[in-house]
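Chemist: Have a peek at data_9.csv (CSV, N, CA and C atoms and all ligand atoms).
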```
chain,number,residue,atom,x,y,z
A,1,MET,N,-165.5,170.3,116.8
A,1,MET,CA,-164.4,171.1,116.3
A,1,MET,C,-163.6,170.4,115.2
A,2,LYS,N,-163.4,171.1,114.1
A,2,LYS,CA,-162.7,170.6,113.0
A,2,LYS,C,-161.2,170.5,113.3
A,3,VAL,N,-160.6,169.4,113.0
A,3,VAL,CA,-159.2,169.2,113.3
A,3,VAL,C,-158.5,169.0,111.9
A,4,THR,N,-157.4,169.7,111.7
A,4,THR,CA,-156.7,169.5,110.5
A,4,THR,C,-155.9,168.2,110.5
A,5,LEU,N,-155.5,167.8,109.3
A,5,LEU,CA,-154.8,166.5,109.2
A,5,LEU,C,-153.5,166.5,110.1
A,6,VAL,N,-152.8,167.7,110.0
A,6,VAL,CA,-151.6,167.8,110.8
A,6,VAL,C,-151.9,167.6,112.3
A,7,GLU,N,-152.9,168.3,112.7
A,7,GLU,CA,-153.2,168.2,114.2
A,7,GLU,C,-153.6,166.8,114.5
A,8,ALA,N,-154.4,166.2,113.7
A,8,ALA,CA,-154.9,164.8,113.9
A,8,ALA,C,-153.7,163.9,114.0
A,9,LEU,N,-152.8,164.0,113.2
A,9,LEU,CA,-151.6,163.1,113.1
A,9,LEU,C,-150.7,163.3,114.3
A,10,GLU,N,-150.8,164.5,114.9
A,10,GLU,CA,-149.9,164.8,116.1
A,10,GLU,C,-150.6,164.5,117.4
A,11,THR,N,-151.9,164.1,117.3
A,11,THR,CA,-152.6,163.9,118.6
A,11,THR,C,-152.7,162.4,118.8
A,12,PRO,N,-152.0,161.9,119.9
A,12,PRO,CA,-152.1,160.5,120.2
A,12,PRO,C,-153.5,160.0,120.5
A,13,LEU,N,-153.7,158.8,120.2
A,13,LEU,CA,-155.1,158.3,120.4
A,13,LEU,C,-155.4,158.2,121.9
A,14,ARG,N,-154.3,157.9,122.6
A,14,ARG,CA,-154.5,157.8,124.1
A,14,ARG,C,-153.7,158.8,124.8
A,15,ASP,N,-154.2,159.3,125.8
A,15,ASP,CA,-153.4,160.2,126.7
A,15,ASP,C,-152.3,159.3,127.3
A,16,PRO,N,-151.0,159.7,127.3
A,16,PRO,CA,-150.0,158.9,127.8
A,16,PRO,C,-150.1,158.6,129.3
A,17,SER,N,-150.8,159.4,130.0
A,17,SER,CA,-151.0,159.1,131.4
A,17,SER,C,-152.5,159.3,131.8
A,18,PRO,N,-153.3,158.4,131.3
A,18,PRO,CA,-154.7,158.5,131.5
A,18,PRO,C,-155.2,157.9,132.8
A,19,ARG,N,-154.3,157.3,133.5
A,19,ARG,CA,-154.8,156.5,134.7
A,19,ARG,C,-154.6,157.2,136.0
A,20,GLN,N,-154.1,158.4,135.9
A,20,GLN,CA,-153.9,159.1,137.2
A,20,GLN,C,-155.2,159.4,137.9
A,21,CYS,N,-155.2,159.1,139.2
A,21,CYS,CA,-156.4,159.4,140.0
A,21,CYS,C,-156.5,160.9,140.2
A,22,LEU,N,-157.6,161.3,140.8
A,22,LEU,CA,-157.8,162.7,141.0
A,22,LEU,C,-156.7,163.3,141.9
A,23,TYR,N,-156.3,162.5,142.9
A,23,TYR,CA,-155.2,163.0,143.8
A,23,TYR,C,-153.9,163.3,143.0
A,24,GLU,N,-153.5,162.3,142.2
A,24,GLU,CA,-152.3,162.5,141.4
A,24,GLU,C,-152.4,163.6,140.4
A,25,ARG,N,-153.6,163.8,139.9
A,25,ARG,CA,-153.8,164.9,138.9
A,25,ARG,C,-153.7,166.2,139.6
A,26,MET,N,-154.3,166.3,140.8
A,26,MET,CA,-154.2,167.5,141.5
A,26,MET,C,-152.7,167.8,141.9
A,27,ARG,N,-152.0,166.7,142.3
A,27,ARG,CA,-150.6,166.9,142.7
A,27,ARG,C,-149.8,167.4,141.6
A,28,GLY,N,-150.1,166.9,140.4
A,28,GLY,CA,-149.4,167.4,139.2
A,28,GLY,C,-149.5,168.8,138.9
A,29,GLU,N,-150.5,169.5,139.4
A,29,GLU,CA,-150.8,170.9,139.2
A,29,GLU,C,-150.1,171.8,140.2
A,30,LEU,N,-149.5,171.2,141.2
A,30,LEU,CA,-149.0,172.0,142.3
A,30,LEU,C,-147.5,172.4,141.9
A,31,LEU,N,-147.1,173.4,142.7
A,31,LEU,CA,-145.7,173.9,142.5
A,31,LEU,C,-144.8,172.9,143.2
A,32,GLU,N,-143.6,172.9,142.8
A,32,GLU,CA,-142.6,171.9,143.3
A,32,GLU,C,-142.6,171.8,144.9
A,33,GLU,N,-142.6,173.0,145.5
A,33,GLU,CA,-142.5,173.0,147.0
A,33,GLU,C,-143.8,172.5,147.6
A,34,GLU,N,-144.9,172.9,146.9
A,34,GLU,CA,-146.2,172.4,147.4
A,34,GLU,C,-146.3,170.9,147.3
A,35,ARG,N,-145.8,170.4,146.2
A,35,ARG,CA,-145.8,168.9,146.0
A,35,ARG,C,-145.0,168.2,147.1
A,36,GLU,N,-143.9,168.8,147.4
A,36,GLU,CA,-143.0,168.2,148.5
A,36,GLU,C,-143.8,168.2,149.8
A,37,ALA,N,-144.4,169.3,150.1
A,37,ALA,CA,-145.2,169.5,151.3
A,37,ALA,C,-146.4,168.5,151.4
A,38,LEU,N,-147.0,168.3,150.2
A,38,LEU,CA,-148.1,167.3,150.1
A,38,LEU,C,-147.6,165.9,150.4
A,39,ASP,N,-146.5,165.6,149.8
A,39,ASP,CA,-145.9,164.2,150.0
A,39,ASP,C,-145.6,164.0,151.5
A,40,ARG,N,-145.1,165.0,152.1
A,40,ARG,CA,-144.8,164.9,153.6
A,40,ARG,C,-146.1,164.7,154.4
A,41,ALA,N,-147.1,165.5,154.0
A,41,ALA,CA,-148.4,165.4,154.7
A,41,ALA,C,-149.0,164.0,154.5
A,42,LEU,N,-148.8,163.5,153.3
A,42,LEU,CA,-149.4,162.1,153.0
A,42,LEU,C,-148.6,161.1,153.9
A,43,ASP,N,-147.3,161.3,154.0
A,43,ASP,CA,-146.5,160.4,154.8
A,43,ASP,C,-147.0,160.4,156.3
A,44,LYS,N,-147.3,161.6,156.8
A,44,LYS,CA,-147.8,161.8,158.1
A,44,LYS,C,-149.1,161.0,158.3
A,45,VAL,N,-150.0,161.2,157.3
A,45,VAL,CA,-151.3,160.5,157.3
A,45,VAL,C,-151.0,158.9,157.4
A,46,ARG,N,-150.1,158.5,156.6
A,46,ARG,CA,-149.8,157.1,156.4
A,46,ARG,C,-149.2,156.5,157.7
A,47,THR,N,-148.3,157.3,158.4
A,47,THR,CA,-147.6,156.8,159.5
A,47,THR,C,-148.2,157.2,160.9
A,48,ASP,N,-149.3,158.0,160.9
A,48,ASP,CA,-149.9,158.4,162.1
A,48,ASP,C,-150.2,157.1,163.0
A,49,PRO,N,-149.6,157.0,164.1
A,49,PRO,CA,-149.8,155.8,165.0
A,49,PRO,C,-151.2,155.7,165.6
A,50,ASN,N,-151.9,156.8,165.6
A,50,ASN,CA,-153.3,156.8,166.2
A,50,ASN,C,-154.3,156.2,165.3
A,51,ASN,N,-155.4,155.7,165.8
A,51,ASN,CA,-156.4,155.1,165.0
A,51,ASN,C,-157.7,155.8,165.0
A,52,GLY,N,-158.4,155.7,163.9
A,52,GLY,CA,-159.8,156.2,163.8
A,52,GLY,C,-159.9,157.7,164.2
A,53,GLN,N,-160.8,158.0,165.1
A,53,GLN,CA,-161.0,159.4,165.5
A,53,GLN,C,-159.8,160.1,166.1
A,54,ARG,N,-158.9,159.3,166.7
A,54,ARG,CA,-157.8,159.8,167.4
A,54,ARG,C,-156.7,160.3,166.5
A,55,LYS,N,-156.8,159.9,165.2
A,55,LYS,CA,-155.7,160.3,164.3
A,55,LYS,C,-155.5,161.8,164.3
A,56,VAL,N,-154.3,162.2,164.3
A,56,VAL,CA,-154.0,163.6,164.2
A,56,VAL,C,-153.9,164.0,162.7
A,57,TYR,N,-153.3,163.1,162.0
A,57,TYR,CA,-153.2,163.3,160.5
A,57,TYR,C,-154.0,162.3,159.9
A,58,SER,N,-155.2,162.7,159.4
A,58,SER,CA,-156.1,161.7,158.8
A,58,SER,C,-156.3,162.2,157.3
A,59,THR,N,-156.9,161.3,156.5
A,59,THR,CA,-157.3,161.7,155.2
A,59,THR,C,-158.3,162.8,155.2
A,60,ALA,N,-159.2,162.8,156.2
A,60,ALA,CA,-160.2,163.9,156.3
A,60,ALA,C,-159.5,165.2,156.6
A,61,TRP,N,-158.5,165.2,157.4
A,61,TRP,CA,-157.7,166.4,157.7
A,61,TRP,C,-157.1,166.9,156.4
A,62,LEU,N,-156.4,166.0,155.6
A,62,LEU,CA,-155.7,166.4,154.4
A,62,LEU,C,-156.7,166.9,153.4
A,63,ALA,N,-157.9,166.2,153.3
A,63,ALA,CA,-158.9,166.7,152.4
A,63,ALA,C,-159.4,168.1,152.7
A,64,SER,N,-159.6,168.4,153.9
A,64,SER,CA,-160.1,169.7,154.3
A,64,SER,C,-159.0,170.8,154.1
A,65,VAL,N,-157.8,170.4,154.3
A,65,VAL,CA,-156.7,171.4,154.0
A,65,VAL,C,-156.6,171.7,152.6
A,66,LEU,N,-156.6,170.7,151.8
A,66,LEU,CA,-156.5,170.8,150.3
A,66,LEU,C,-157.7,171.6,149.8
A,67,THR,N,-158.9,171.2,150.2
A,67,THR,CA,-160.1,171.9,149.8
A,67,THR,C,-160.1,173.3,150.1
A,68,SER,N,-159.7,173.7,151.3
A,68,SER,CA,-159.7,175.1,151.7
A,68,SER,C,-158.6,175.9,151.0
A,69,GLN,N,-157.7,175.2,150.4
A,69,GLN,CA,-156.6,175.8,149.6
A,69,GLN,C,-157.0,175.8,148.1
A,70,GLY,N,-158.2,175.5,147.8
A,70,GLY,CA,-158.6,175.5,146.4
A,70,GLY,C,-158.4,174.3,145.6
A,71,HIS,N,-158.1,173.2,146.3
A,71,HIS,CA,-157.9,171.9,145.6
A,71,HIS,C,-158.9,170.9,146.2
A,72,PRO,N,-160.2,171.0,145.8
A,72,PRO,CA,-161.2,170.2,146.4
A,72,PRO,C,-161.0,168.7,146.1
A,73,LEU,N,-160.8,167.9,147.2
A,73,LEU,CA,-160.6,166.5,147.0
A,73,LEU,C,-161.4,165.9,148.2
A,74,SER,N,-161.9,164.7,148.0
A,74,SER,CA,-162.6,164.0,149.1
A,74,SER,C,-161.6,163.1,149.8
A,75,SER,N,-161.9,162.9,151.1
A,75,SER,CA,-161.0,162.0,151.9
A,75,SER,C,-161.0,160.6,151.3
A,76,ALA,N,-162.1,160.2,150.6
A,76,ALA,CA,-162.2,158.8,150.0
A,76,ALA,C,-161.2,158.7,148.9
A,77,THR,N,-161.0,159.8,148.1
A,77,THR,CA,-160.0,159.8,147.0
A,77,THR,C,-158.6,159.7,147.6
A,78,ILE,N,-158.3,160.4,148.6
A,78,ILE,CA,-157.0,160.3,149.2
A,78,ILE,C,-156.8,158.9,149.8
A,79,GLN,N,-157.8,158.4,150.5
A,79,GLN,CA,-157.8,157.1,151.1
A,79,GLN,C,-157.4,156.0,150.0
A,80,ARG,N,-158.1,156.1,148.9
A,80,ARG,CA,-157.8,155.1,147.8
A,80,ARG,C,-156.3,155.2,147.4
A,81,HIS,N,-155.9,156.5,147.2
A,81,HIS,CA,-154.5,156.7,146.8
A,81,HIS,C,-153.5,156.1,147.8
A,82,LEU,N,-153.8,156.4,149.0
A,82,LEU,CA,-153.0,155.9,150.2
A,82,LEU,C,-152.9,154.4,150.2
A,83,ARG,N,-154.0,153.8,149.9
A,83,ARG,CA,-154.0,152.3,150.0
A,83,ARG,C,-153.6,151.7,148.7
A,84,ASN,N,-153.1,152.5,147.7
A,84,ASN,CA,-152.7,152.0,146.4
A,84,ASN,C,-153.9,151.3,145.7
A,85,SER,N,-155.1,151.7,146.0
A,85,SER,CA,-156.2,151.1,145.2
A,85,SER,C,-156.8,152.1,144.2
A,86,CYS,N,-156.1,153.2,144.0
A,86,CYS,CA,-156.6,154.1,143.0
A,86,CYS,C,-156.1,153.7,141.7
A,87,SER,N,-156.6,154.4,140.6
A,87,SER,CA,-156.2,154.1,139.3
A,87,SER,C,-154.7,154.2,139.0
A,88,CYS,N,-154.1,155.2,139.6
A,88,CYS,CA,-152.7,155.4,139.2
A,88,CYS,C,-151.7,154.4,139.8
A,89,ARG,N,-152.1,153.7,140.8
A,89,ARG,CA,-151.2,152.7,141.4
A,89,ARG,C,-151.5,151.3,140.9
A,90,SER,N,-152.6,151.1,140.1
A,90,SER,CA,-152.9,149.8,139.7
A,90,SER,C,-152.5,149.6,138.2
A,91,ARG,N,-151.6,150.3,137.8
A,91,ARG,CA,-151.2,150.2,136.4
A,91,ARG,C,-150.7,148.8,136.1
A,92,GLY,N,-151.2,148.3,135.0
A,92,GLY,CA,-150.8,146.9,134.6
A,92,GLY,C,-151.7,145.9,135.3
A,93,ASP,N,-152.3,146.2,136.4
A,93,ASP,CA,-153.2,145.3,137.0
A,93,ASP,C,-154.6,145.5,136.4
A,94,SER,N,-155.5,144.7,136.8
A,94,SER,CA,-156.9,144.8,136.3
A,94,SER,C,-157.5,146.1,136.8
A,95,ASP,N,-158.4,146.6,136.1
A,95,ASP,CA,-159.1,147.8,136.5
A,95,ASP,C,-160.0,147.5,137.7
A,96,GLU,N,-160.3,148.6,138.4
A,96,GLU,CA,-161.2,148.5,139.6
A,96,GLU,C,-162.6,148.1,139.2
B,101,ZN,ZN,-153.6,157.7,142.9
```
Can you dump the structure from the file as structure tokens?
Modeler:
Amino acid sequence: MKVTLVEALETPLRDPSPRQCLYERMRGELLEEEREALDRALDKVRTDPNNGQRKVYSTAWLASVLTSQGHPLSSATIQRHLRNSCSCRSRGDSDE
């Protein structure tokens, strides 16, 4: 695609937020109230006192809810975000 000089000069070399993980990118596309609900859900996953298979709110649960609502995400992606080991939380640190 041919870009005019004006367009080229207005296009930054780097995306200002290139390091968002899939989870964060999906979150950015949600409506305000959906985003709040998602944050609450993630909190429940984070603070669920049960372990492993007994978890009521797990990343697998969140992944299946999101996927069934048209936002396909894997539980591994959510897990990484939850553990702050995804790309959007490691800003300034070394890459994974
Ligand atoms: Zn993330």
Chemist: List all protein, DNA and RNA residues that have an atom no more than 8 Å from any atom of ligand ZN 101 (chain B), counting all atoms listed in the file, and report them as a list of chain:residue names.
Modeler: A:Arg19, A:Gln20, A:Cys21, A:Leu22, A:Tyr23, A:Glu24, A:Arg25, A:Thr77, A:Ile78, A:Arg80, A:His81, A:Leu82, A:Asn84, A:Ser85, A:Cys86, A:Ser87, A:Cys88, A:Arg89, A:Ser90
Chemist: Go ahead and dump the residues you just picked, N, CA and C atoms, as a JSON list (two decimals), keeping the file's coordinate frame.
Modeler:
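The file below, out_5.json, is the result:
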```json
[["chain", "number", "residue", "atom", "x", "y", "z"],
["A", 19, "ARG", "N", -154.30, 157.30, 133.50],
["A", 19, "ARG", "CA", -154.80, 156.50, 134.70],
["A", 19, "ARG", "C", -154.60, 157.20, 136.00],
["A", 20, "GLN", "N", -154.10, 158.40, 135.90],
["A", 20, "GLN", "CA", -153.90, 159.10, 137.20],
["A", 20, "GLN", "C", -155.20, 159.40, 137.90],
["A", 21, "CYS", "N", -155.20, 159.10, 139.20],
["A", 21, "CYS", "CA", -156.40, 159.40, 140.00],
["A", 21, "CYS", "C", -156.50, 160.90, 140.20],
["A", 22, "LEU", "N", -157.60, 161.30, 140.80],
["A", 22, "LEU", "CA", -157.80, 162.70, 141.00],
["A", 22, "LEU", "C", -156.70, 163.30, 141.90],
["A", 23, "TYR", "N", -156.30, 162.50, 142.90],
["A", 23, "TYR", "CA", -155.20, 163.00, 143.80],
["A", 23, "TYR", "C", -153.90, 163.30, 143.00],
["A", 24, "GLU", "N", -153.50, 162.30, 142.20],
["A", 24, "GLU", "CA", -152.30, 162.50, 141.40],
["A", 24, "GLU", "C", -152.40, 163.60, 140.40],
["A", 25, "ARG", "N", -153.60, 163.80, 139.90],
["A", 25, "ARG", "CA", -153.80, 164.90, 138.90],
["A", 25, "ARG", "C", -153.70, 166.20, 139.60],
["A", 77, "THR", "N", -161.00, 159.80, 148.10],
["A", 77, "THR", "CA", -160.00, 159.80, 147.00],
["A", 77, "THR", "C", -158.60, 159.70, 147.60],
["A", 78, "ILE", "N", -158.30, 160.40, 148.60],
["A", 78, "ILE", "CA", -157.00, 160.30, 149.20],
["A", 78, "ILE", "C", -156.80, 158.90, 149.80],
["A", 80, "ARG", "N", -158.10, 156.10, 148.90],
["A", 80, "ARG", "CA", -157.80, 155.10, 147.80],
["A", 80, "ARG", "C", -156.30, 155.20, 147.40],
["A", 81, "HIS", "N", -155.90, 156.50, 147.20],
["A", 81, "HIS", "CA", -154.50, 156.70, 146.80],
["A", 81, "HIS", "C", -153.50, 156.10, 147.80],
["A", 82, "LEU", "N", -153.80, 156.40, 149.00],
["A", 82, "LEU", "CA", -153.00, 155.90, 150.20],
["A", 82, "LEU", "C", -152.90, 154.40, 150.20],
["A", 84, "ASN", "N", -153.10, 152.50, 147.70],
["A", 84, "ASN", "CA", -152.70, 152.00, 146.40],
["A", 84, "ASN", "C", -153.90, 151.30, 145.70],
["A", 85, "SER", "N", -155.10, 151.70, 146.00],
["A", 85, "SER", "CA", -156.20, 151.10, 145.20],
["A", 85, "SER", "C", -156.80, 152.10, 144.20],
["A", 86, "CYS", "N", -156.10, 153.20, 144.00],
["A", 86, "CYS", "CA", -156.60, 154.10, 143.00],
["A", 86, "CYS", "C", -156.10, 153.70, 141.70],
["A", 87, "SER", "N", -156.60, 154.40, 140.60],
["A", 87, "SER", "CA", -156.20, 154.10, 139.30],
["A", 87, "SER", "C", -154.70, 154.20, 139.00],
["A", 88, "CYS", "N", -154.10, 155.20, 139.60],
["A", 88, "CYS", "CA", -152.70, 155.40, 139.20],
["A", 88, "CYS", "C", -151.70, 154.40, 139.80],
["A", 89, "ARG", "N", -152.10, 153.70, 140.80],
["A", 89, "ARG", "CA", -151.20, 152.70, 141.40],
["A", 89, "ARG", "C", -151.50, 151.30, 140.90],
["A", 90, "SER", "N", -152.60, 151.10, 140.10],
["A", 90, "SER", "CA", -152.90, 149.80, 139.70],
["A", 90, "SER", "C", -152.50, 149.60, 138.20]]
```
Chemist: I'd like to know which residues of chain A are alpha helix (DSSP H) (by DSSP, run on the backbone); could you write them as an MDAnalysis selection string?
Modeler: chainID A and resid 5:10 22:28 32:47 59:68 75:82
Chemist: What gap, in Å, lies between atom N of Ser75 in chain A and CA of Leu62 in chain A?
Modeler: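 Taking atom N of Ser75 in chain A as the start and CA of Leu62 in chain A as the end point, the length is 7.8 Å.
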Chemist: Between CA of Arg46 in chain A and CA of Ser58 in chain A, what distance in Å does the model show, to one decimal?
Modeler: 8.2 Å
Chemist: Atom N of Ala60 in chain A and CA of Gln79 in chain A, how far apart in Å?
Modeler: 7.8 Å
Chemist: When you count only C-alpha atoms, which of these residues is closest to Met26 in chain A: A:Thr4, A:Leu38, A:Ser68, A:Arg83?
Modeler: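 When distances to Met26 in chain A are compared using only C-alpha atoms, the smallest one comes from A:Leu38.
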